[in-house]
Amino acid sequence: MSKEPVAVVGIGQTRHVAARRDVSIAGLVREAALRALADAELTWADIDAVVIGKAPDFFEGVMMPELYLADALGAVGKPMLRVHTAGSVGGSTALVAANLVAARVHRTVLTLAFEKQSESNAMWGLSLPVPFQQPLLAGAGGFFAPHVRAYMRRTGAPDTVGSLVAYKDRRNALKNPYAHLHEHDITLEKVQASPMLWDPIRYSETCPSSDGACAMVLTDRAGADRAPRPAAWVHGGAMRSEPTLFAGKDFVSPRAGSDCAADVYRQAGITDPRRQIDAVEMYVPFSWYEPMWLENLGFAAEGEGWKLTEAGVTELDGDLPVNPSGGVLSTNPIGASGMIRFAEAALQVRGEAGEHQIDGARRALGHAYGGGAQFFSMWLVGSAPPAG
Amino acid sequence: MSAPLRDVAIVAFAQSDHRRRTDDLSEVEMVMPVLHEVLRRTGCETSDIGFTCSGSSDYLAGRAFSFTMALDGVGAWPPISESHVEADGAWALYEAWVKLLTGEADTALVYAYGKSSPGSVRDVLTRQLDPYYLAPLWPDSVALAALQAQALVDAGHTDEAALASIAARRRADASANPHAQLTGARPQGDHVVAPLRTGDCPPIGDGAAAVILAAGDRARELCERPAWIRGMDHRIEAHSLGVRDLTDSPSTRLAAERAGAFARPVDTAELHAPFTSQEVVLTRALGLGDEVRVNPSGGALAANPVMAAGLIRLGEAAAAVHRGDSDRALAHATSGPCLQQNLVAVLEGDPR
């Protein structure tokens with residue numbers, strides 16, 4: 001028996017900022033959930049189940065916070081499932097929710113991801129000891145900088161490519177009212193002159209630490225028929241994982257990432273991602289990950305990703321816009337960041353992305369990754385229902 | 001929900017010997033033998049598994065992203081389709097079941113683990129509570145269970161003697177369970193928090209468990225008598241204890257109803273009741289009579305590795321079907337303070 005098609009009919013986000021001192025954790029998630037319900041013109045009573053995701057519980061200091069959030073998310077008397085797959089969690093959470101509809105277990109599901117990073121210090125929370133290495137990491141940048149350097153060495157990419165990505169994403173964020181960073185006076189020179197944090201990653205090429213939540217209402221074909229605004233249809237979705245460290249691991253282009261993309265493209269009937277996909281929301285917490293993921297996801301040949309970035313292909317008006325929302329470089333409530341990518345991809349194909357809308361976007365990819373570049377989740381959404 | 005779209009069964013179950021301390025083992029070292037064992041039972045290799053899902057808690061491990069290390073025990077290379085829930089492994093099994101129902105995979109490996117020994121689990125679990133109004137008071141898990149037990153006593157549903165007899169029965173049952181931590185006759189002891197005595201409380205310990213799920217004909221290939229999942233559902237209640245009737249478990253009853261548990265009687269029930277008083281609540285909520293074998297494994301009163309104990313209930317119920325000891329079993333898992341969240345699955349063997 002074939003799967004039920006899954007549609008995104010409601011999307012809600014908080015306005016992401018460094019610290020939401022005006023709301024509790026419950027207040028934060030409820031804000032995003034209510035916006036998603038309003039977008040779908042549904043109420044709590046229309047929701048059959050809630051699937052919630054976030055990154056480590058230590059970020060807020062609450063163990064399994066979904067237990068306490070059951071009331072705020074209208075989940076009392078309903079199933080509530082909590083997903084945690086590191087930085088990819090926002091994407092994974094959406095996929096788990098989508099499967100509930102696809103398997104016809106439930107008809108309409110609310111999925112939500114959040115992080116309230118102002119409750120702790122995320123940089124030190126992410127400074128995990130790596131076995132058999134000197135404990136010299138300070139934040140995720142310390143872990144990823146050597147892999148960026150390896151990419152530069154391998155491809156001969158000029159030093160300036162990272163700053164081009166940051167300059168683009170921060171300008172894109174100016175068109176997105178929900179983005180955390182709105183740097184109206186940003187210039188390429190300022191990015192290039194910003195302090196070096198983890199060589200070769202500069203301060204302005206690094207994601208912020210944000211408080212924020214993102215929610216989506218997913219539903220079946222009948223639910224989509226009743227929806228007041230256009231739906232985004234899920235054409236493919238997949239997760240892939242590989243170990244943190246092992247002999248032969250390619251940190252620059254992890255196989256779990258390329259396998260995951262290949263699975264999604266197969267489901268969605270994509271044979272030429274560069275031509276067939278109209279917009280990409282990819283998880284780029286450090287600027288250089290844009291050219292790295294362009295190769296890993298099959299948008300560019302090996303060693304060629306930086307050339308797309310340099311040529312302006314990934315700009316808002318390029319032929320493969322990447323992170324029109326401003327991306328993780330402009331907004332990073334870690335647990336929510338993956339879901340924001342998925343939701344922004346859906347906004348594009350619904351034609352609801354506002355000022356950062358890509359004209360005529362019909363197919364968009366949402367991408368998330370986490371851990372030591374080892375957990376991947378992606379979905380491809382389209383403006384038309386999947387064939388069959 | 002109506003009947004599932006696809007027949008999915010638990011085809012194998014394995015668990016560690018549950019121990020008070022495992023200072024000599026990392027989480028990976030604790031999980032690996034269990035994974036090897038469950039794969040060996042089916043003759044599967046890692047590459048035969050279509051989806052992998054695990055359950056664990058960073059707060060028990062005392063570090064963020066703790067599950068990433070456990071992944072090393074799975075041998076996730078080439079890369080695997082994999083997910084993780086920050087909850088008891090029973091919910092990982094639920095996620096895997098849904099994945100199989102979509103048809104995207106035909107087999108799934110589910111595992112869970114927890115080490116309570118490195119910290120004070122009574123204190124750690126207080127971090128699950130409302131961070132603004134409740135957690136600052138550090139009410140521990142035994143104190144909250146005692147509130148529930150006292151409410152039961154006050155309502156006339158049980159008394160200390162009845163609770164003591166549950167404690168004695170479970171540890172006697174556990175004598176036949178080689179993995180159990182607490183077996184045989186045990187003194188009921190002093191009050192830990194009245195009315196709960198030492199015997200009413202679960203042992204604190206470390207352990208791991210794993211099951212393999214398979215769909216349709218694949219299940220029949222891998223297992224002589226698969227434990228078919230006829231239905232599975234989970235429900236959550238309000239978090240604040242003050243707005244709940246602690247003597248009842250409406251979420252368990254609703255989950256059981258949605259899982260089809262009341263369509264026909266079950267012969268066996270594995271209930272995730274860490275405290276004797278919670279077995280009273282669950283037995284009442286599910287309407288289980290004396291003819292039902294409850295917790296023949298000894299249940300969580302005999303071994304309670306937090307984050308795995310719920311998955312173990314599903315595994316034990318399935319193993320009873322595999323062995324031919326049960327034709328229709330109910331398995332239950334819980335999460336949160338005083339049975340806030342509950343999962344119920346109904347497992348059946350093919351007619352003999």
# chains A, B, ... in the order shown; residues from 1 in each chain; ligands from 1
$ residues_around --residues "segment 88-100 of chain B" --least-positions-apart "3" --cutoff "7 Å" --atoms "only C-alpha atoms" --output "list of chain:residue names"
A:Asn99, A:Leu100, A:Ala103, B:Cys53, B:Ser54, B:Gly55, B:Ser56, B:His84, B:Val85, B:Gly103, B:Glu104, B:Ala105, B:Asp106, B:Ala108, B:Val110, B:Tyr111, B:Ala112, B:Ala215, B:Met307, B:Ala308, B:Gly310, B:Leu311, B:Ala333
$ write_last_selection --atoms "N, CA and C atoms" --output "PDB file, in the first residue's frame"
ATOM      1  N   ASN A  99       6.332  11.089   8.850  1.00  0.00           N
ATOM      2  CA  ASN A  99       6.087   9.646   8.764  1.00  0.00           C
ATOM      3  C   ASN A  99       4.776   9.246   9.446  1.00  0.00           C
ATOM      4  N   LEU A 100       4.407   9.957  10.504  1.00  0.00           N
ATOM      5  CA  LEU A 100       3.138   9.651  11.176  1.00  0.00           C
ATOM      6  C   LEU A 100       1.963   9.852  10.223  1.00  0.00           C
ATOM      7  N   ALA A 103       2.326   7.179   7.177  1.00  0.00           N
ATOM      8  CA  ALA A 103       1.916   5.827   7.581  1.00  0.00           C
ATOM      9  C   ALA A 103       0.432   5.771   7.942  1.00  0.00           C
TER      10      ALA A 103
ATOM     11  N   CYS B  53      17.062   2.996  15.616  1.00  0.00           N
ATOM     12  CA  CYS B  53      16.576   4.079  16.474  1.00  0.00           C
ATOM     13  C   CYS B  53      16.906   3.749  17.922  1.00  0.00           C
ATOM     14  N   SER B  54      17.353   4.742  18.675  1.00  0.00           N
ATOM     15  CA  SER B  54      17.743   4.488  20.058  1.00  0.00           C
ATOM     16  C   SER B  54      17.097   5.486  21.003  1.00  0.00           C
ATOM     17  N   GLY B  55      17.083   5.116  22.281  1.00  0.00           N
ATOM     18  CA  GLY B  55      16.575   5.995  23.327  1.00  0.00           C
ATOM     19  C   GLY B  55      17.578   6.086  24.464  1.00  0.00           C
ATOM     20  N   SER B  56      17.836   7.300  24.926  1.00  0.00           N
ATOM     21  CA  SER B  56      18.760   7.497  26.039  1.00  0.00           C
ATOM     22  C   SER B  56      18.601   8.927  26.530  1.00  0.00           C
ATOM     23  N   HIS B  84      17.110   9.073  16.927  1.00  0.00           N
ATOM     24  CA  HIS B  84      17.268   8.926  18.374  1.00  0.00           C
ATOM     25  C   HIS B  84      16.192   9.719  19.089  1.00  0.00           C
ATOM     26  N   VAL B  85      15.621   9.140  20.135  1.00  0.00           N
ATOM     27  CA  VAL B  85      14.684   9.881  20.972  1.00  0.00           C
ATOM     28  C   VAL B  85      15.319  10.114  22.339  1.00  0.00           C
ATOM     29  N   GLY B 103       6.647   1.677   4.970  1.00  0.00           N
ATOM     30  CA  GLY B 103       7.211   0.841   3.917  1.00  0.00           C
ATOM     31  C   GLY B 103       8.610   1.252   3.506  1.00  0.00           C
ATOM     32  N   GLU B 104       9.169   2.283   4.171  1.00  0.00           N
ATOM     33  CA  GLU B 104      10.512   2.749   3.813  1.00  0.00           C
ATOM     34  C   GLU B 104      11.601   1.801   4.298  1.00  0.00           C
ATOM     35  N   ALA B 105      11.246   0.888   5.208  1.00  0.00           N
ATOM     36  CA  ALA B 105      12.212  -0.105   5.690  1.00  0.00           C
ATOM     37  C   ALA B 105      11.442  -1.367   6.067  1.00  0.00           C
ATOM     38  N   ASP B 106      12.135  -2.501   6.026  1.00  0.00           N
ATOM     39  CA  ASP B 106      11.495  -3.772   6.380  1.00  0.00           C
ATOM     40  C   ASP B 106      11.999  -4.316   7.708  1.00  0.00           C
ATOM     41  N   ALA B 108      14.166  -3.127  11.530  1.00  0.00           N
ATOM     42  CA  ALA B 108      14.675  -2.025  12.356  1.00  0.00           C
ATOM     43  C   ALA B 108      15.341  -2.578  13.599  1.00  0.00           C
ATOM     44  N   VAL B 110      16.311  -1.445  17.391  1.00  0.00           N
ATOM     45  CA  VAL B 110      15.981  -0.448  18.407  1.00  0.00           C
ATOM     46  C   VAL B 110      16.782  -0.773  19.664  1.00  0.00           C
ATOM     47  N   TYR B 111      17.439   0.222  20.231  1.00  0.00           N
ATOM     48  CA  TYR B 111      18.163  -0.057  21.469  1.00  0.00           C
ATOM     49  C   TYR B 111      18.050   1.112  22.432  1.00  0.00           C
ATOM     50  N   ALA B 112      18.309   0.799  23.686  1.00  0.00           N
ATOM     51  CA  ALA B 112      18.224   1.822  24.736  1.00  0.00           C
ATOM     52  C   ALA B 112      19.186   1.450  25.842  1.00  0.00           C
ATOM     53  N   ALA B 215       8.957  -6.567   9.209  1.00  0.00           N
ATOM     54  CA  ALA B 215       7.616  -6.493   8.622  1.00  0.00           C
ATOM     55  C   ALA B 215       7.316  -7.752   7.812  1.00  0.00           C
ATOM     56  N   MET B 307      15.578   4.629  31.113  1.00  0.00           N
ATOM     57  CA  MET B 307      15.618   4.811  29.660  1.00  0.00           C
ATOM     58  C   MET B 307      15.580   3.471  28.910  1.00  0.00           C
ATOM     59  N   ALA B 308      15.845   2.375  29.574  1.00  0.00           N
ATOM     60  CA  ALA B 308      15.731   1.065  28.916  1.00  0.00           C
ATOM     61  C   ALA B 308      14.585   0.244  29.489  1.00  0.00           C
ATOM     62  N   GLY B 310      11.430   0.639  29.953  1.00  0.00           N
ATOM     63  CA  GLY B 310      10.190   0.567  29.176  1.00  0.00           C
ATOM     64  C   GLY B 310      10.355  -0.333  27.955  1.00  0.00           C
ATOM     65  N   LEU B 311      11.481  -0.169  27.266  1.00  0.00           N
ATOM     66  CA  LEU B 311      11.752  -1.027  26.101  1.00  0.00           C
ATOM     67  C   LEU B 311      11.830  -2.493  26.543  1.00  0.00           C
ATOM     68  N   ALA B 333       4.917   1.127  28.750  1.00  0.00           N
ATOM     69  CA  ALA B 333       6.099   1.884  29.163  1.00  0.00           C
ATOM     70  C   ALA B 333       5.648   3.241  29.663  1.00  0.00           C
TER      71      ALA B 333
END
$ interface_residues --of "chain B" --to "chain A" --cutoff "7 Å" --atoms "only C-alpha atoms" --output "JSON, numbers by chain"
{"B": [1, 59, 64, 65, 71, 72, 76, 77, 79, 80, 81, 82, 83, 84, 85, 86, 98, 99, 101, 102, 127, 128, 129, 130, 131, 234, 235, 236, 237, 238, 239, 251, 336]}
$ write_last_selection --atoms "N, CA and C atoms" --output "mmCIF file, in the first residue's frame"
data_model
loop_
_atom_site.group_PDB
_atom_site.id
_atom_site.type_symbol
_atom_site.label_atom_id
_atom_site.label_comp_id
_atom_site.auth_asym_id
_atom_site.auth_seq_id
_atom_site.Cartn_x
_atom_site.Cartn_y
_atom_site.Cartn_z
ATOM 1 N N MET B 1 -6.816 4.735 16.274
ATOM 2 C CA MET B 1 -6.488 4.402 14.890
ATOM 3 C C MET B 1 -7.107 3.060 14.521
ATOM 4 N N TYR B 59 21.088 13.580 30.435
ATOM 5 C CA TYR B 59 21.169 13.911 31.859
ATOM 6 C C TYR B 59 21.665 12.735 32.695
ATOM 7 N N ALA B 64 26.444 16.284 27.051
ATOM 8 C CA ALA B 64 25.610 16.562 25.890
ATOM 9 C C ALA B 64 25.976 15.603 24.759
ATOM 10 N N PHE B 65 25.007 15.273 23.917
ATOM 11 C CA PHE B 65 25.230 14.413 22.745
ATOM 12 C C PHE B 65 25.765 13.038 23.113
ATOM 13 N N LEU B 71 26.585 5.346 19.209
ATOM 14 C CA LEU B 71 26.441 4.988 17.799
ATOM 15 C C LEU B 71 27.646 4.175 17.311
ATOM 16 N N ASP B 72 28.807 4.412 17.946
ATOM 17 C CA ASP B 72 29.994 3.627 17.573
ATOM 18 C C ASP B 72 29.752 2.129 17.764
ATOM 19 N N ALA B 76 28.094 2.075 12.407
ATOM 20 C CA ALA B 76 27.312 2.835 11.422
ATOM 21 C C ALA B 76 28.141 3.170 10.185
ATOM 22 N N TRP B 77 28.721 2.175 9.598
ATOM 23 C CA TRP B 77 29.490 2.381 8.369
ATOM 24 C C TRP B 77 29.385 1.162 7.495
ATOM 25 N N PRO B 79 27.204 4.517 6.085
ATOM 26 C CA PRO B 79 26.218 5.277 6.855
ATOM 27 C C PRO B 79 24.852 4.583 6.895
ATOM 28 N N ILE B 80 24.154 4.760 8.004
ATOM 29 C CA ILE B 80 22.861 4.097 8.195
ATOM 30 C C ILE B 80 21.750 5.122 8.336
ATOM 31 N N SER B 81 20.525 4.652 8.075
ATOM 32 C CA SER B 81 19.333 5.453 8.314
ATOM 33 C C SER B 81 19.036 5.333 9.804
ATOM 34 N N GLU B 82 19.095 6.460 10.538
ATOM 35 C CA GLU B 82 19.141 6.338 12.001
ATOM 36 C C GLU B 82 18.507 7.546 12.666
ATOM 37 N N SER B 83 17.914 7.318 13.842
ATOM 38 C CA SER B 83 17.328 8.408 14.615
ATOM 39 C C SER B 83 17.459 8.099 16.105
ATOM 40 N N HIS B 84 17.110 9.073 16.927
ATOM 41 C CA HIS B 84 17.268 8.926 18.374
ATOM 42 C C HIS B 84 16.192 9.719 19.089
ATOM 43 N N VAL B 85 15.621 9.140 20.135
ATOM 44 C CA VAL B 85 14.684 9.881 20.972
ATOM 45 C C VAL B 85 15.319 10.114 22.339
ATOM 46 N N GLU B 86 15.080 11.291 22.892
ATOM 47 C CA GLU B 86 15.585 11.597 24.235
ATOM 48 C C GLU B 86 14.513 11.117 25.217
ATOM 49 N N VAL B 98 6.610 3.089 13.229
ATOM 50 C CA VAL B 98 5.993 3.988 12.239
ATOM 51 C C VAL B 98 6.808 3.974 10.946
ATOM 52 N N LYS B 99 8.127 3.982 11.078
ATOM 53 C CA LYS B 99 8.997 3.945 9.901
ATOM 54 C C LYS B 99 8.702 2.690 9.071
ATOM 55 N N LEU B 101 5.921 0.992 9.083
ATOM 56 C CA LEU B 101 4.563 1.105 8.536
ATOM 57 C C LEU B 101 4.549 1.888 7.217
ATOM 58 N N THR B 102 5.465 2.861 7.076
ATOM 59 C CA THR B 102 5.491 3.638 5.831
ATOM 60 C C THR B 102 5.998 2.793 4.666
ATOM 61 N N ARG B 127 15.215 17.170 37.572
ATOM 62 C CA ARG B 127 15.462 18.130 36.473
ATOM 63 C C ARG B 127 14.438 17.980 35.351
ATOM 64 N N GLN B 128 13.596 16.935 35.427
ATOM 65 C CA GLN B 128 12.499 16.750 34.464
ATOM 66 C C GLN B 128 11.314 17.654 34.776
ATOM 67 N N LEU B 129 11.308 18.258 35.922
ATOM 68 C CA LEU B 129 10.101 18.950 36.379
ATOM 69 C C LEU B 129 10.062 20.386 35.866
ATOM 70 N N ASP B 130 8.880 20.970 35.888
ATOM 71 C CA ASP B 130 8.683 22.363 35.503
ATOM 72 C C ASP B 130 9.820 23.225 36.070
ATOM 73 N N PRO B 131 10.632 23.816 35.181
ATOM 74 C CA PRO B 131 11.848 24.480 35.653
ATOM 75 C C PRO B 131 11.603 25.755 36.445
ATOM 76 N N HIS B 234 0.590 5.993 22.319
ATOM 77 C CA HIS B 234 1.070 6.597 23.563
ATOM 78 C C HIS B 234 0.387 7.932 23.774
ATOM 79 N N ARG B 235 0.221 8.314 25.017
ATOM 80 C CA ARG B 235 -0.509 9.542 25.368
ATOM 81 C C ARG B 235 0.184 10.222 26.541
ATOM 82 N N ILE B 236 0.085 11.551 26.580
ATOM 83 C CA ILE B 236 0.697 12.297 27.681
ATOM 84 C C ILE B 236 -0.386 13.029 28.460
ATOM 85 N N GLU B 237 -0.116 13.236 29.743
ATOM 86 C CA GLU B 237 -1.043 13.981 30.602
ATOM 87 C C GLU B 237 -0.436 15.334 30.960
ATOM 88 N N ALA B 238 -1.197 16.131 31.635
ATOM 89 C CA ALA B 238 -0.696 17.420 32.120
ATOM 90 C C ALA B 238 0.534 17.177 33.004
ATOM 91 N N HIS B 239 1.417 18.162 33.025
ATOM 92 C CA HIS B 239 2.649 17.983 33.793
ATOM 93 C C HIS B 239 2.428 18.244 35.282
ATOM 94 N N SER B 251 -4.270 8.387 30.611
ATOM 95 C CA SER B 251 -3.445 8.308 29.393
ATOM 96 C C SER B 251 -3.123 6.851 29.059
ATOM 97 N N GLY B 336 8.256 10.276 32.739
ATOM 98 C CA GLY B 336 7.825 11.463 33.470
ATOM 99 C C GLY B 336 7.365 11.144 34.880
#
$ residues_around --residues "Glu31 of chain A" --least-positions-apart "4" --cutoff "10 Å" --atoms "only C-alpha atoms" --output "list in words"
Gly12, Gln13, Thr14, Arg15, Val23, Ala26, Gly27, Arg35, Ala36, Ala72, Leu73, Gly212, Ala213, Cys214 and Ala215 of chain A
$ residues_around --residues "segment 187-194 of chain A" --least-positions-apart "5" --cutoff "10 Å" --atoms "only C-alpha atoms" --output "JSON, numbers by chain"
{"A": [159, 160, 162, 163, 164, 165, 166, 167, 168, 170, 171, 201, 202, 203, 204, 205]}
$ residues_around --residues "Gly351 of chain A" --least-positions-apart "2" --cutoff "12 Å" --atoms "only C-alpha atoms" --output "list in words"
Arg229, Pro230, Ala231, Ala232, Ala279, Glu344, Ala345, Ala346, Leu347, Gln348, Val349, Ala353, Gly354, Glu355, His356, Gln357, Ile358, Asp359, Gly360, Ala361, Arg362, Arg363, Ala364, Gly382 and Ser383 of chain A
$ residues_around --residues "Trp198 of chain A" --least-positions-apart "6" --cutoff "12 Å" --atoms "only C-alpha atoms" --output "JSON, numbers by chain"
{"A": [136, 137, 138, 139, 140, 141, 142, 143, 144, 145, 146, 147, 148, 149, 204, 205, 206, 286]}
$ select_by_dssp --residues "segment 224-285 of chain A" --states "helix (DSSP H, G or I)" --output "list of chain:residue names"
A:Ala224, A:Asp225, A:Arg226, A:Arg255, A:Ala256, A:Gly257, A:Ser258, A:Asp259, A:Cys260, A:Ala261, A:Ala262, A:Asp263, A:Val264, A:Tyr265, A:Arg266, A:Gln267, A:Ala268, A:Pro273, A:Arg274, A:Arg275, A:Gln276
$ write_last_selection --atoms "N, CA and C atoms" --output "short mmCIF file (atom, residue, chain, number, x, y, z; two decimals), in the first residue's frame"
data_model
loop_
_atom_site.label_atom_id
_atom_site.label_comp_id
_atom_site.auth_asym_id
_atom_site.auth_seq_id
_atom_site.Cartn_x
_atom_site.Cartn_y
_atom_site.Cartn_z
N ALA A 224 -4.88 18.92 3.21
CA ALA A 224 -4.34 19.91 2.27
C ALA A 224 -5.46 20.52 1.43
N ASP A 225 -6.47 19.70 1.10
CA ASP A 225 -7.60 20.20 0.31
C ASP A 225 -8.35 21.31 1.06
N ARG A 226 -8.38 21.20 2.38
CA ARG A 226 -9.11 22.19 3.19
C ARG A 226 -8.26 23.40 3.54
N ARG A 255 30.26 10.88 3.76
CA ARG A 255 29.44 10.02 2.91
C ARG A 255 27.98 10.00 3.39
N ALA A 256 27.76 10.13 4.70
CA ALA A 256 26.38 10.14 5.20
C ALA A 256 25.58 11.26 4.55
N GLY A 257 26.24 12.40 4.30
CA GLY A 257 25.57 13.53 3.66
C GLY A 257 25.21 13.24 2.21
N SER A 258 26.18 12.73 1.47
CA SER A 258 25.90 12.47 0.04
C SER A 258 24.93 11.31 -0.12
N ASP A 259 25.02 10.30 0.75
CA ASP A 259 24.05 9.19 0.69
C ASP A 259 22.63 9.69 0.98
N CYS A 260 22.51 10.57 1.97
CA CYS A 260 21.21 11.09 2.37
C CYS A 260 20.58 11.87 1.20
N ALA A 261 21.40 12.73 0.58
CA ALA A 261 20.91 13.51 -0.57
C ALA A 261 20.49 12.58 -1.70
N ALA A 262 21.29 11.56 -1.96
CA ALA A 262 20.98 10.64 -3.06
C ALA A 262 19.64 9.95 -2.81
N ASP A 263 19.38 9.59 -1.56
CA ASP A 263 18.12 8.93 -1.21
C ASP A 263 16.94 9.88 -1.46
N VAL A 264 17.11 11.13 -1.02
CA VAL A 264 16.03 12.12 -1.21
C VAL A 264 15.78 12.37 -2.69
N TYR A 265 16.85 12.52 -3.46
CA TYR A 265 16.70 12.77 -4.90
C TYR A 265 16.01 11.59 -5.59
N ARG A 266 16.37 10.37 -5.16
CA ARG A 266 15.75 9.18 -5.76
C ARG A 266 14.25 9.20 -5.50
N GLN A 267 13.86 9.47 -4.25
CA GLN A 267 12.43 9.51 -3.91
C GLN A 267 11.70 10.58 -4.71
N ALA A 268 12.38 11.70 -4.91
CA ALA A 268 11.73 12.85 -5.54
C ALA A 268 11.89 12.87 -7.05
N PRO A 273 20.22 17.87 -9.72
CA PRO A 273 19.80 18.79 -8.65
C PRO A 273 20.06 20.25 -8.97
N ARG A 274 21.18 20.53 -9.62
CA ARG A 274 21.52 21.92 -9.94
C ARG A 274 20.42 22.57 -10.79
N ARG A 275 19.87 21.83 -11.74
CA ARG A 275 18.85 22.40 -12.64
C ARG A 275 17.44 22.26 -12.08
N GLN A 276 17.18 21.15 -11.37
CA GLN A 276 15.79 20.84 -11.00
C GLN A 276 15.37 21.47 -9.68
#
$ atom_distance --atom1 "atom CA of Pro200 of chain A" --atom2 "atom CA of Tyr283 of chain A"
18.7 Å
$ residues_around --residues "Val328 of chain A" --least-positions-apart "6" --cutoff "12 Å" --atoms "only C-alpha atoms" --output "VMD selection string"
chain A and resid 16 87 165 to 166 169 to 170 172 to 173 179 to 181 205 to 210 281 to 287 289 to 290 322 334 to 341 344 367 to 369
$ closest_residue --among "A:Ala19, A:Val280, A:Pro158, A:Val6" --to "Glu119 of chain A" --atoms "only C-alpha atoms"
A:Ala19
